[in-house]
Amino acid sequence: MARRKEKRTERSKIDATPPWEMRVRPELEPTTGPYDEHDAPADEVNRVDLGALKIPVVPGLDVRLEVDEQQRVIAATLAGTDGTMQLGVFAAPRNEGIWDEVRDEIAESLSSQRGNPSVTKGPFGSEVAGKVRDERNNPVSVRFMGVDGPRWFLRAMIAGPAAVEAAKARPYEDVFRKIIVVRGNEPLPVREAVPLKLPSGVELPTPEA
């Protein structure tokens with residue numbers, strides 16, 4: 001899979017894993033999405049700004065934010081009538097992707113849970129499909145997609161009917177394709193989640209004492 005294009009600057013030498021790679025590599029052609037901030041299109045798509053992720057807003061898919069105990073945003077989920085798509089962006093090395101390794105680990109985890117994993121080709125490259133158990137122990141179809149970018153890795157998990165039915169998956173795929181990743185210059189360990197933030201003007205409710 002083609003890596004995401006990146007404009008080279010002195011600041012861009014910061015990586016998830018030192019020492020920094022100083023050798024200049026050839027520029028790659030712009031991709032068709034998901035996008036790094038440096039090759040994002042000048043379109044008119046309305047996106048919710050979560051800092052590291054800019055996610056398209058489309059009718060029928062609600063953006064829900066997941067927070068940890070410290071009230072930090074750790075993931076975003078798009079929810080619709082045909083399923084959900086959970087999104088996460090993680091730190092990665094500059095010059096090599098981690099999706100191949102992560103994909104094998106996901107397949108192994110599904111296999112250990114008797115989730116019948118399979119690796120297939122999708123619109124964004126190799127994917128993993130299988131089943132997980134919900135809180136009621138019912139089997140739920142899932143599909144994992146991954147994209148390696150410059151110093152970032154974007155993962156999506158589609159769950160529900162959209163994970164197995166092409167027509168129902170299309171709106172989720174369209175959103176995934178139009179996501180813009182803003183990695184930032186903060187050094188982070190490989191695989192650590194890149195912090196997200198609340199959209200401007202949005203506040204979380206104060207936790208009850």
# chains A, B, ... in the order shown; residues from 1 in each chain; ligands from 1

$ residues_around --residues "range 163-166 of chain A" --least-positions-apart "2" --cutoff "10 Å" --atoms "only C-alpha atoms" --output "ChimeraX atom specification"
/A:82-85,129-131,140-144,157-161,168-173

$ residues_around --residues "Gly51 in chain A" --least-positions-apart "6" --cutoff "12 Å" --atoms "only C-alpha atoms" --output "list in words"
Glu37, Val73, Ile74, Ala75, Ala76, Val89, Ile179, Ile180, Val181, Val182, Arg183, Gly184, Val194, Pro195, Leu196, Lys197, Leu198, Pro199 and Ser200 of chain A

$ atom_distance --atom1 "CA of Arg155 in chain A" --atom2 "CA of Phe90 in chain A"
8.2 Å

$ select_by_dssp --residues "range 99-186 of chain A" --states "strand (DSSP E or B)" --output "PDB file with C-alpha atoms, in the first residue's frame"
ATOM      1  CA  SER A 118     -10.164 -13.944   7.773  1.00  0.00           C
ATOM      2  CA  VAL A 119      -7.841 -11.563   5.953  1.00  0.00           C
ATOM      3  CA  THR A 120      -9.287 -10.062   2.786  1.00  0.00           C
ATOM      4  CA  LYS A 121      -8.576  -7.233   0.367  1.00  0.00           C
ATOM      5  CA  GLY A 122     -10.706  -4.127   0.774  1.00  0.00           C
ATOM      6  CA  GLY A 125      -5.753  -2.733   1.405  1.00  0.00           C
ATOM      7  CA  SER A 126      -5.707  -5.851   3.568  1.00  0.00           C
ATOM      8  CA  GLU A 127      -8.384  -6.095   6.255  1.00  0.00           C
ATOM      9  CA  VAL A 128      -9.416  -8.473   9.011  1.00  0.00           C
ATOM     10  CA  ALA A 129     -12.982  -9.710   9.407  1.00  0.00           C
ATOM     11  CA  GLY A 130     -14.457 -11.911  12.098  1.00  0.00           C
ATOM     12  CA  LYS A 131     -16.806 -11.947  15.057  1.00  0.00           C
ATOM     13  CA  VAL A 132     -16.708 -10.759  18.666  1.00  0.00           C
ATOM     14  CA  ARG A 133     -19.103 -11.222  21.556  1.00  0.00           C
ATOM     15  CA  PRO A 139     -21.842 -12.806  18.203  1.00  0.00           C
ATOM     16  CA  VAL A 140     -21.300  -9.516  16.350  1.00  0.00           C
ATOM     17  CA  SER A 141     -19.646  -9.217  12.939  1.00  0.00           C
ATOM     18  CA  VAL A 142     -16.612  -6.923  12.868  1.00  0.00           C
ATOM     19  CA  ARG A 143     -14.251  -5.628  10.224  1.00  0.00           C
ATOM     20  CA  PHE A 144     -10.901  -3.944  10.884  1.00  0.00           C
ATOM     21  CA  MET A 145      -9.327  -1.503   8.429  1.00  0.00           C
ATOM     22  CA  GLY A 146      -5.925   0.125   8.817  1.00  0.00           C
ATOM     23  CA  VAL A 147      -3.871   2.769   7.040  1.00  0.00           C
ATOM     24  CA  ASP A 148      -0.214   3.649   7.637  1.00  0.00           C
ATOM     25  CA  GLY A 149       0.684   7.332   7.335  1.00  0.00           C
ATOM     26  CA  TRP A 152       0.739   7.777  12.323  1.00  0.00           C
ATOM     27  CA  PHE A 153      -1.459   4.709  12.004  1.00  0.00           C
ATOM     28  CA  LEU A 154      -5.227   5.000  11.585  1.00  0.00           C
ATOM     29  CA  ARG A 155      -7.447   2.080  12.565  1.00  0.00           C
ATOM     30  CA  ALA A 156     -11.174   1.585  12.144  1.00  0.00           C
ATOM     31  CA  MET A 157     -13.402  -1.164  13.475  1.00  0.00           C
ATOM     32  CA  ILE A 158     -16.814  -1.502  11.844  1.00  0.00           C
ATOM     33  CA  ALA A 159     -19.302  -3.567  13.834  1.00  0.00           C
ATOM     34  CA  ILE A 180      -7.723  14.025   7.800  1.00  0.00           C
ATOM     35  CA  VAL A 181      -5.023  13.070  10.326  1.00  0.00           C
TER      36      VAL A 181
END

$ select_by_dssp --residues "chain A" --states "helix (DSSP H, G or I)" --output "MDAnalysis selection string"
chainID A and resid 11:13 37:39 99:112 161:163 166:177

$ closest_residue --among "A:Pro117, A:Arg177, A:Asp104, A:Glu186" --to "Ala40 in chain A" --atoms "only C-alpha atoms"
A:Arg177

$ atom_distance --atom1 "CA of Ala92 in chain A" --atom2 "CA of Ala52 in chain A"
13.7 Å
